[in-house]
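This report refers to the structure that appears directly beneath it.
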Amino acid sequence: MIYLIAAYIVVWIITFAFVATIFWRQHQLQQQVAWMEQLLETEAKIPGLDESKTSTPSI
Amino acid sequence: MKHFNHLVTGLFILTGLLMLGAIVLALGIAPDPVNLATPTERFAQRIFYFHVPNWWVGFLAYLVAAIAGVLYLISRREQWDAVGVSSIEIGLAFNTIGLISGSIWAKPTWNTWWTWEPRLTTAAIGWLMYVGYLMLRSAIENSQRRARFAAVFSILAFLDVPIIFLAIRWWRTIHPVVIGTEGGQGVGGFALGPTIQLVFFFCLGTFTLLYVTLMLVRLRVEFLSQRVERLRQHLMFR
């Protein structure tokens, strides 16, 4: 009986952990996409904004 | 996107309900095989209903990845690479469960957690090859090169799958041959009676549906990952 319970616990722990990992990765990637798209949108809204204006001036 | 979310949610609910049904059938309805003498063996035999479907999903996932590999090499479309990596990751998760559940079943039946017999050895080699596939992917920076190498690797690694399946038929082994035999050869083997067959195929179908559901979710993650990569490139070289 103990082996049966152990096997079923293993099956479900790994399955749930795997599904949770997929959803966690999806959440992280969605946040990254939203951030990058916002960055591109902000740059597009400000006319004349280029690399030289956004970078730190050299001393 | 909204329709896709509804589809995934619906599939998860359906799979969850079918899984509950599979547990009830495997633990409550399926009869004990007549040839297994001790209660410990009979209880352990019920691992079969989840152990074999896990391996089935693994093999199916590797087949899908190998086909995706061929299609990538023909078309060079990155969607096929996404299908390949998604499928192998799912297959590896299920094979890990298959290896562990098999080991737990082996202890009361063979009195050992592991033995280097043909089925277990080829299965361990297969598992290591697919771990190698993921390591190979993480080691290559260039996405096209990574996809090309991964496609070739997934085709070559799939050669082990028929060997794993046929190992117990080709060589003398302790592992039972349950499917396609009358009385179930090997130590801990048993005959597939009508009710056992019914429960087994129900579990097989349920796990196949779980694979389809997970594949959809995992593919979405892979496409998101490709989108992040494209946006990063755009931001870097704008």
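In the structure tokens, each chain is lettered A, B, ... as it comes, each chain's residues begin at 1, and ligands are numbered from 1 in order of appearance.
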With only C-alpha atoms as the counted atoms, please give the residues lying no more than 12 Å from A:Tyr8, apart from itself and same-chain residues fewer than 5 positions off, as a list in words. Met1, Ile2, Tyr3, Ile13, Ile14 and Thr15 of chain A; Ile23, Ala26, Leu27, Phe43, Ala44, Arg46, Ile47, Phe48, Tyr49, Phe50, His51, Asn54, Ile97, Gly98, Ile100, Ser101, Gly102, Ile104 and Trp105 of chain B
Could those residues be written to a file, using N, CA and C atoms, as a PDB file, in the first residue's frame?
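What follows is the written file result-v7.pdb:
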ATOM      1  N   MET A   1       0.828  -1.220   0.000  1.00  0.00           N
ATOM      2  CA  MET A   1       0.000   0.000   0.000  1.00  0.00           C
ATOM      3  C   MET A   1       0.861   1.269   0.000  1.00  0.00           C
ATOM      4  N   ILE A   2       1.949   1.222   0.798  1.00  0.00           N
ATOM      5  CA  ILE A   2       2.824   2.393   0.931  1.00  0.00           C
ATOM      6  C   ILE A   2       3.477   2.753  -0.415  1.00  0.00           C
ATOM      7  N   TYR A   3       3.819   1.714  -1.210  1.00  0.00           N
ATOM      8  CA  TYR A   3       4.448   1.962  -2.516  1.00  0.00           C
ATOM      9  C   TYR A   3       3.458   2.620  -3.479  1.00  0.00           C
ATOM     10  N   ILE A  13       2.928  15.347  -7.565  1.00  0.00           N
ATOM     11  CA  ILE A  13       3.839  16.447  -7.196  1.00  0.00           C
ATOM     12  C   ILE A  13       4.589  16.933  -8.432  1.00  0.00           C
ATOM     13  N   ILE A  14       5.149  15.999  -9.208  1.00  0.00           N
ATOM     14  CA  ILE A  14       5.921  16.414 -10.396  1.00  0.00           C
ATOM     15  C   ILE A  14       5.003  17.072 -11.431  1.00  0.00           C
ATOM     16  N   THR A  15       3.815  16.515 -11.626  1.00  0.00           N
ATOM     17  CA  THR A  15       2.887  17.104 -12.613  1.00  0.00           C
ATOM     18  C   THR A  15       2.514  18.532 -12.207  1.00  0.00           C
TER      19      THR A  15
ATOM     20  N   ILE B  23      -8.360   8.055 -11.509  1.00  0.00           N
ATOM     21  CA  ILE B  23      -7.910   7.634 -10.161  1.00  0.00           C
ATOM     22  C   ILE B  23      -8.933   6.676  -9.549  1.00  0.00           C
ATOM     23  N   ALA B  26      -8.757   3.350 -11.419  1.00  0.00           N
ATOM     24  CA  ALA B  26      -7.511   2.605 -11.170  1.00  0.00           C
ATOM     25  C   ALA B  26      -7.450   2.057  -9.743  1.00  0.00           C
ATOM     26  N   LEU B  27      -7.933   2.851  -8.783  1.00  0.00           N
ATOM     27  CA  LEU B  27      -7.810   2.421  -7.385  1.00  0.00           C
ATOM     28  C   LEU B  27      -9.034   1.641  -6.883  1.00  0.00           C
ATOM     29  N   PHE B  43      -1.335  -4.323  -4.680  1.00  0.00           N
ATOM     30  CA  PHE B  43      -1.456  -2.863  -4.530  1.00  0.00           C
ATOM     31  C   PHE B  43      -0.505  -2.155  -5.488  1.00  0.00           C
ATOM     32  N   ALA B  44       0.747  -2.649  -5.524  1.00  0.00           N
ATOM     33  CA  ALA B  44       1.769  -2.011  -6.374  1.00  0.00           C
ATOM     34  C   ALA B  44       1.381  -2.083  -7.847  1.00  0.00           C
ATOM     35  N   ARG B  46      -1.273  -1.492  -9.186  1.00  0.00           N
ATOM     36  CA  ARG B  46      -2.141  -0.374  -9.590  1.00  0.00           C
ATOM     37  C   ARG B  46      -1.351   0.867 -10.011  1.00  0.00           C
ATOM     38  N   ILE B  47      -0.047   0.839  -9.781  1.00  0.00           N
ATOM     39  CA  ILE B  47       0.830   1.896 -10.303  1.00  0.00           C
ATOM     40  C   ILE B  47       0.827   1.843 -11.836  1.00  0.00           C
ATOM     41  N   PHE B  48       0.621   0.632 -12.373  1.00  0.00           N
ATOM     42  CA  PHE B  48       0.588   0.373 -13.816  1.00  0.00           C
ATOM     43  C   PHE B  48      -0.296   1.380 -14.570  1.00  0.00           C
ATOM     44  N   TYR B  49      -1.465   1.725 -13.996  1.00  0.00           N
ATOM     45  CA  TYR B  49      -2.433   2.586 -14.686  1.00  0.00           C
ATOM     46  C   TYR B  49      -1.914   4.007 -14.902  1.00  0.00           C
ATOM     47  N   PHE B  50      -0.882   4.404 -14.141  1.00  0.00           N
ATOM     48  CA  PHE B  50      -0.305   5.737 -14.340  1.00  0.00           C
ATOM     49  C   PHE B  50       1.127   5.639 -14.883  1.00  0.00           C
ATOM     50  N   HIS B  51       1.789   4.528 -14.566  1.00  0.00           N
ATOM     51  CA  HIS B  51       3.178   4.342 -15.003  1.00  0.00           C
ATOM     52  C   HIS B  51       3.255   4.219 -16.530  1.00  0.00           C
ATOM     53  N   ASN B  54       2.308   7.402 -18.512  1.00  0.00           N
ATOM     54  CA  ASN B  54       3.381   8.390 -18.444  1.00  0.00           C
ATOM     55  C   ASN B  54       4.436   8.125 -19.511  1.00  0.00           C
ATOM     56  N   ILE B  97       8.634  11.033 -14.287  1.00  0.00           N
ATOM     57  CA  ILE B  97       7.600  10.397 -13.469  1.00  0.00           C
ATOM     58  C   ILE B  97       7.582   8.889 -13.738  1.00  0.00           C
ATOM     59  N   GLY B  98       7.690   8.512 -15.015  1.00  0.00           N
ATOM     60  CA  GLY B  98       7.695   7.096 -15.394  1.00  0.00           C
ATOM     61  C   GLY B  98       8.848   6.329 -14.762  1.00  0.00           C
ATOM     62  N   ILE B 100      10.557   7.193 -11.993  1.00  0.00           N
ATOM     63  CA  ILE B 100      10.421   7.135 -10.529  1.00  0.00           C
ATOM     64  C   ILE B 100       9.304   6.170 -10.128  1.00  0.00           C
ATOM     65  N   SER B 101       8.142   6.272 -10.820  1.00  0.00           N
ATOM     66  CA  SER B 101       7.035   5.375 -10.467  1.00  0.00           C
ATOM     67  C   SER B 101       7.393   3.915 -10.761  1.00  0.00           C
ATOM     68  N   GLY B 102       8.170   3.692 -11.820  1.00  0.00           N
ATOM     69  CA  GLY B 102       8.628   2.339 -12.144  1.00  0.00           C
ATOM     70  C   GLY B 102       9.554   1.793 -11.072  1.00  0.00           C
ATOM     71  N   ILE B 104       9.551   2.700  -7.945  1.00  0.00           N
ATOM     72  CA  ILE B 104       8.740   2.425  -6.740  1.00  0.00           C
ATOM     73  C   ILE B 104       7.976   1.102  -6.910  1.00  0.00           C
ATOM     74  N   TRP B 105       7.529   0.829  -8.118  1.00  0.00           N
ATOM     75  CA  TRP B 105       6.824  -0.436  -8.404  1.00  0.00           C
ATOM     76  C   TRP B 105       7.798  -1.617  -8.331  1.00  0.00           C
TER      77      TRP B 105
END
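Within 6 Å of chain B, chain A contributes the residues Met1, Leu4, Ala7, Val11, Gln26 and Val33 of chain A, using only C-alpha atoms.
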Export of prior selection with N, CA and C atoms as an mmCIF file, in the first residue's frame:
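Okay, this is what ended up in out-v8.cif:
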data_model
loop_
_atom_site.group_PDB
_atom_site.id
_atom_site.type_symbol
_atom_site.label_atom_id
_atom_site.label_comp_id
_atom_site.auth_asym_id
_atom_site.auth_seq_id
_atom_site.Cartn_x
_atom_site.Cartn_y
_atom_site.Cartn_z
ATOM 1 N N MET A 1 0.828 -1.220 0.000
ATOM 2 C CA MET A 1 0.000 0.000 0.000
ATOM 3 C C MET A 1 0.861 1.269 0.000
ATOM 4 N N LEU A 4 2.218 2.160 -3.412
ATOM 5 C CA LEU A 4 1.171 2.733 -4.266
ATOM 6 C C LEU A 4 0.965 4.215 -3.939
ATOM 7 N N ALA A 7 3.991 6.274 -5.068
ATOM 8 C CA ALA A 7 4.018 6.473 -6.526
ATOM 9 C C ALA A 7 3.013 7.541 -6.958
ATOM 10 N N VAL A 11 3.747 11.142 -8.797
ATOM 11 C CA VAL A 11 3.095 11.505 -10.064
ATOM 12 C C VAL A 11 2.499 12.911 -9.965
ATOM 13 N N GLN A 26 5.369 31.851 -17.981
ATOM 14 C CA GLN A 26 4.460 32.640 -18.809
ATOM 15 C C GLN A 26 4.246 34.025 -18.206
ATOM 16 N N VAL A 33 7.417 41.337 -21.912
ATOM 17 C CA VAL A 33 6.843 41.843 -23.175
ATOM 18 C C VAL A 33 6.177 43.193 -22.925
#
Got a sec: who's within 9 Å of stretch 204-210 of chain B, counting only C-alpha atoms, leaving out chain neighbours fewer than 4 positions off, as a ChimeraX atom specification? /B:11-12,14-16,18-19,22,49-50,52-54,56-57,60,199-200,214-215
Please write the residues from the selection above to a file, keeping C-alpha atoms, as a PDB file, in the first residue's frame.
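As written to disk, again.pdb reads:
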ATOM      1  CA  LEU B  11      -9.194  21.592 -21.485  1.00  0.00           C
ATOM      2  CA  PHE B  12      -7.712  21.848 -17.973  1.00  0.00           C
ATOM      3  CA  LEU B  14     -11.945  18.409 -18.682  1.00  0.00           C
ATOM      4  CA  THR B  15      -8.531  16.803 -18.057  1.00  0.00           C
ATOM      5  CA  GLY B  16      -8.901  17.331 -14.295  1.00  0.00           C
ATOM      6  CA  LEU B  18     -11.038  12.743 -16.399  1.00  0.00           C
ATOM      7  CA  MET B  19      -8.009  12.406 -14.091  1.00  0.00           C
ATOM      8  CA  ALA B  22      -8.944   7.664 -13.845  1.00  0.00           C
ATOM      9  CA  TYR B  49      -2.433   2.586 -14.686  1.00  0.00           C
ATOM     10  CA  PHE B  50      -0.305   5.737 -14.340  1.00  0.00           C
ATOM     11  CA  VAL B  52       2.518   3.127 -18.564  1.00  0.00           C
ATOM     12  CA  PRO B  53       0.482   6.215 -19.664  1.00  0.00           C
ATOM     13  CA  ASN B  54       3.381   8.390 -18.444  1.00  0.00           C
ATOM     14  CA  TRP B  56       3.241   6.616 -23.549  1.00  0.00           C
ATOM     15  CA  VAL B  57       3.036  10.418 -23.280  1.00  0.00           C
ATOM     16  CA  LEU B  60       4.393  10.522 -28.078  1.00  0.00           C
ATOM     17  CA  VAL B 199      -9.329   1.206 -17.206  1.00  0.00           C
ATOM     18  CA  PHE B 200      -5.902   1.181 -18.823  1.00  0.00           C
ATOM     19  CA  LEU B 214       0.181  21.060 -21.590  1.00  0.00           C
ATOM     20  CA  MET B 215       1.493  21.349 -25.138  1.00  0.00           C
TER      21      MET B 215
END
Show which residues sit within 8 Å of B:Asn95, as a PyMOL selection string. Count only C-alpha atoms, and ignore same-chain residues fewer than 6 positions away. chain B and resi 54-55+58+127
Saved selection, atoms kept: N, CA and C atoms, as a PDB file, in the first residue's frame:
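Below is the file part_1.pdb, written as the result:
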ATOM      1  N   ASN B  54       2.308   7.402 -18.512  1.00  0.00           N
ATOM      2  CA  ASN B  54       3.381   8.390 -18.444  1.00  0.00           C
ATOM      3  C   ASN B  54       4.436   8.125 -19.511  1.00  0.00           C
ATOM      4  N   TRP B  55       4.781   6.863 -19.671  1.00  0.00           N
ATOM      5  CA  TRP B  55       5.763   6.511 -20.712  1.00  0.00           C
ATOM      6  C   TRP B  55       5.181   6.728 -22.093  1.00  0.00           C
ATOM      7  N   GLY B  58       5.430  10.285 -22.892  1.00  0.00           N
ATOM      8  CA  GLY B  58       6.836  10.588 -23.181  1.00  0.00           C
ATOM      9  C   GLY B  58       7.197  10.212 -24.611  1.00  0.00           C
ATOM     10  N   TRP B 127      16.441   8.990 -21.312  1.00  0.00           N
ATOM     11  CA  TRP B 127      16.197  10.125 -20.405  1.00  0.00           C
ATOM     12  C   TRP B 127      17.402  11.071 -20.415  1.00  0.00           C
TER      13      TRP B 127
END
